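What follows is a set of notes on a single structure, which appears directly below.
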Amino acid sequence: MFSVGPIGFTAPLLLLGLILLPVLWLLLRAVPPAPIRRRFPGVALLLGLKDDESQTDRTPWWLLLLRMLAISAAIIGFAGPVLNPEANQRDNGPLLILIDGTWADAPDWARRMERTEAALGDAARAGRETSVVVATDLPPDTPLTFRAADSWVPELAGLKPQPWSPGTDDVETWSQALEGRFDTFWLSDGLDWDWRATLLAELQTHGAVSVFESPRPVYGLKPARVQDGVISVEALRSRSFGAAEATVAAHGLDPSGTPRQLASATLSFAAGEQSAIVQLSLPPELRNRVTRFEITGQRSAGAVALTDDALRRREVAIVAARDEREGLRLLSPTHYLEQALLPNAEMINGAIPDLVLANPDVIVLADIATLAEGEAQALEAWVRNGGILLRFAGPRLAASDIGRDEETVLMPVRLRAGGRNIGGAMSWGEPKTLRAFSAESPFFGLSVPPDVTVSAQVMAQPDPQLSQRTIATLADGTPLVTRKRLDAGQVVLFHVTANAEWSTLPLSGLFVQMLERLSISTRSDIATAEDLAGTTWVPDQILTATGQIVDAGSLAGVPGEDLAEAPLGPNLQPGLYSGEDRRIARNVVAGDMRLVATAWPANVPLEGLEV
């Protein structure tokens with residue numbers, strides 16, 4: 001390509017036509033030819049007469065100049081002028097087309113594929129061998145394959161963005177294996193990822209690099225947070241030029257199970273600010289139906305924030321026998337249970353038939369031994385439909401004969417008569433500590449404080465199913481917590497009281513963690529690797545790069561530690577993950593994430609995409 005200053009020419013040989021301009025000037029000057037003077041005596045009779053029309057004997061100079069300029073413009077136009085051509089691009093060497101392929105590319109993916117196809121067409125006309133690579137699908141152990149540019153065009157339809165960013169280690173491994181000389185045409189998603197600068201430096205050692213990037217800002221939505229009953233949603237943008245507004249919509253299921261937009265609010269980005277927060281105050285029933293928040297008009301996984309059980313405020317009903325010592329609040333059979341549940345659950349009260357009709361998430365029976373026949377049948381139907389019945393032992397349950405001879409439907413195991421006292425004046429030994437939770441227990445991974453002891457409990461009858469239904473034991477192997485599945489629901493029994501009368505468990509943080517693992521309550525803060533240690537989570541629904549929620553299919557489960565902290569990728573995709581009795585959402589934009597626009601060096605030619 002021949003260049004003159006900032007202008008280059010794709011067909012510079014046509015400029016040779018400018019050399020012929022002097023010849024054209026002479027030809028134009030000679031046409032029309034000058035008239036020949038002939039003296040004729042009779043002309044004297046015409047003297048004094050004037051002709052209405054006159055014609056010059058030569059072409060005016062200004063007309064000649066206009067004609068020359070028109071011919072010059074035509075020659076320059078056919079020579080293919082290009083403003084600011086890529087002077088460092090070679091015309092016949094190999095070309096690498098690198099596409100980021102992240103969720104930030106999703107909103108204009110079709111136009112990016114059109115630009116890629118145009119680049120392949122240019123390479124084909126120049127006879128350049130080409131390789132097309134998507135960064136989110138890097139083959140770390142496979143070298144670049146350069147082939148005819150036309151052969152890549154049919155494969156473009158199969159390329160798609162992914163709802164994650166390439167891993168730094170994968171990018172470094174791939175870039176260090178590159179060999180030979182080639183130029184790079186990089187289609188950037190506009191975000192300054194940790195690996196970008198290192199990869200750019202490596203690519204520039206192999207040849208010239210030019211970039212194609214959209215000037216539009218990239219938007220993201222952080223997971224929703226609940227504080228004092230108000231939902232806060234924070235939105236991010238990568239570029240902070242001027243003020244802007246965006247609409248955040250809450251989507252979920254209506255009472256008939258139909259997906260709908262349940263609420264919406266407008267947030268405003270101030271000039272120079274890259275984040276904005278909007279707050280929504282929703283009633284508990286509507287809040288529990290929300291499945292996701294999204295920025296309206298942004299077809300991107302980053303603009304969607306899935307919700308999980310942390311957003312739900314569970315409804316818990318507590319039923320306890322009347323305590324004659326009403327003035328002693330700390331001895332109440334439900335005091336510590338209420339303190340553990342109140343921050344993150346909605347407490348409801350009433351008689352059992354009324355509670356069943358209210359359909360809470362959990363019903364707690366604190367030292368309730370016997371139930372009326374109608375109450376037992378109503379509770380059983382409620383549990384089978386997906387409810388959680390949580391029972392605590394106590395003096396009344398220990399003195400009753402419930403579940404002695406045969407298993408009761410609303411008890412997970414049969415019980416021995418009388419219970420067991422440990423460390424009392426009439427017994428041998430010291431209060432028992434808890435044994436570490438087994439890998440089959442939903443409490444696996446929780447650390448057991450050494451100061452948690454048990455001085456009394458109700459004992460389970462030895463049955464063939466006892467070991468399968470035991471999810472927590474004392475140091476001597478006796479069951480502390482047992483559980484039985486009942487169709488879609490479950491019945492859980494703590495073999496100690498809900499207050500500190502029989503054990504110090506309700507006084508410890510372990511008590512709250514155990515309730516969370518059983519989905520009795522959920523915290524609104526982010527689960528850490530320590531909280532999820534030892535658990536396995538199966539993907540239920542996953543999020544595509546364009547923000548669509550689809551079924552996870554047969555994707556493998558992931559360890560709880562990875563779900564909490566590992567970066568997203570093919571083995572850990574954004575979406576909803578199910579555990580024993582709860583679900584956790586893993587979103588594209590994490591709580592501590594920032595969206596930073598790329599800042600390319602001055603020596604990298606940058607081509608923009610129209611907004």
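In the structure tokens, chains take letters A, B, ... by order of appearance, with residues numbered from 1 within each chain and ligands from 1 in the order shown.
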
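Within 7 Å of Thr482 (chain A), once only C-alpha atoms are used and residues closer than 5 positions along the same chain are dropped, the contacting residues are Pro412, Arg469, Thr470, Ile471, Val492, Leu493 and Phe494 of chain A.
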
Item checked: DSSP-assigned helix (DSSP H, G or I) members of region 67-178 of chain A, reported as a VMD selection string -> chain A and resid 67 to 78 103 to 125 135 to 137 149 to 158 168 to 176

Next item on the list: Select, from A:Pro161, A:Gly386, A:Gly77, A:Gly445, the residue with the minimum atom-to-atom distance to Val491 (chain A), counting only C-alpha atoms.
Entry: A:Gly386

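Shortest separation to Gln490 (chain A) among A:Ser441, A:Gly547, A:Gly387, A:Arg416 occurs at residue A:Gly387, atoms counted being only C-alpha atoms.
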
Check: Smallest atom-to-atom distance to Ser72 (chain A): which of A:Ile318, A:Leu120, A:Leu21, A:Thr528, using only C-alpha atoms?
Finding: A:Leu21

Next item on the list: Once DSSP has gone over the backbone, tell me which residues of region 199-247 of chain A are in strand (DSSP E or B), as a PyMOL selection string.
Entry: chain A and resi 209-213+219-221+225-227+230-237+244-247

Margin query: Could you list, as number ranges by chain, every residue within 7 Å of Gly419 (chain A), counting only C-alpha atoms and ignoring same-chain residues fewer than 2 positions away?
Written below: A: 398, 416-417, 421, 457-459

Write the residues of the preceding selection, restricted to N, CA, C and O atoms, as a PDB file, in the first residue's frame.
ATOM      1  N   ALA A 398     -39.551 -36.866  76.232  1.00  0.00           N
ATOM      2  CA  ALA A 398     -38.856 -37.976  76.886  1.00  0.00           C
ATOM      3  C   ALA A 398     -39.810 -38.806  77.734  1.00  0.00           C
ATOM      4  O   ALA A 398     -39.629 -40.032  77.881  1.00  0.00           O
ATOM      5  N   ARG A 416     -36.313 -44.392  72.714  1.00  0.00           N
ATOM      6  CA  ARG A 416     -36.347 -45.178  73.963  1.00  0.00           C
ATOM      7  C   ARG A 416     -37.063 -44.382  75.045  1.00  0.00           C
ATOM      8  O   ARG A 416     -37.128 -43.153  74.996  1.00  0.00           O
ATOM      9  N   ALA A 417     -37.539 -45.078  76.025  1.00  0.00           N
ATOM     10  CA  ALA A 417     -38.245 -44.429  77.124  1.00  0.00           C
ATOM     11  C   ALA A 417     -37.252 -43.780  78.081  1.00  0.00           C
ATOM     12  O   ALA A 417     -36.161 -44.287  78.322  1.00  0.00           O
ATOM     13  N   ASN A 421     -29.424 -39.010  80.871  1.00  0.00           N
ATOM     14  CA  ASN A 421     -28.739 -37.926  81.553  1.00  0.00           C
ATOM     15  C   ASN A 421     -27.250 -38.223  81.576  1.00  0.00           C
ATOM     16  O   ASN A 421     -26.832 -39.334  81.910  1.00  0.00           O
ATOM     17  N   GLN A 457     -30.342 -36.068  76.672  1.00  0.00           N
ATOM     18  CA  GLN A 457     -30.868 -36.278  75.331  1.00  0.00           C
ATOM     19  C   GLN A 457     -31.888 -37.392  75.352  1.00  0.00           C
ATOM     20  O   GLN A 457     -31.969 -38.174  76.322  1.00  0.00           O
ATOM     21  N   VAL A 458     -32.694 -37.447  74.309  1.00  0.00           N
ATOM     22  CA  VAL A 458     -33.547 -38.605  74.105  1.00  0.00           C
ATOM     23  C   VAL A 458     -32.787 -39.571  73.207  1.00  0.00           C
ATOM     24  O   VAL A 458     -32.065 -39.153  72.298  1.00  0.00           O
ATOM     25  N   MET A 459     -32.956 -40.858  73.472  1.00  0.00           N
ATOM     26  CA  MET A 459     -32.183 -41.890  72.769  1.00  0.00           C
ATOM     27  C   MET A 459     -33.008 -42.531  71.668  1.00  0.00           C
ATOM     28  O   MET A 459     -34.229 -42.700  71.804  1.00  0.00           O
TER      29      MET A 459
END

Check: Do you know which residues are at most 10 Å from Ala527 (chain A) counting only C-alpha atoms, after dropping those on the same chain fewer than 5 positions away, and could you put them as a PyMOL selection string?
Finding: chain A and resi 310+522+532+560-561+563-565+584
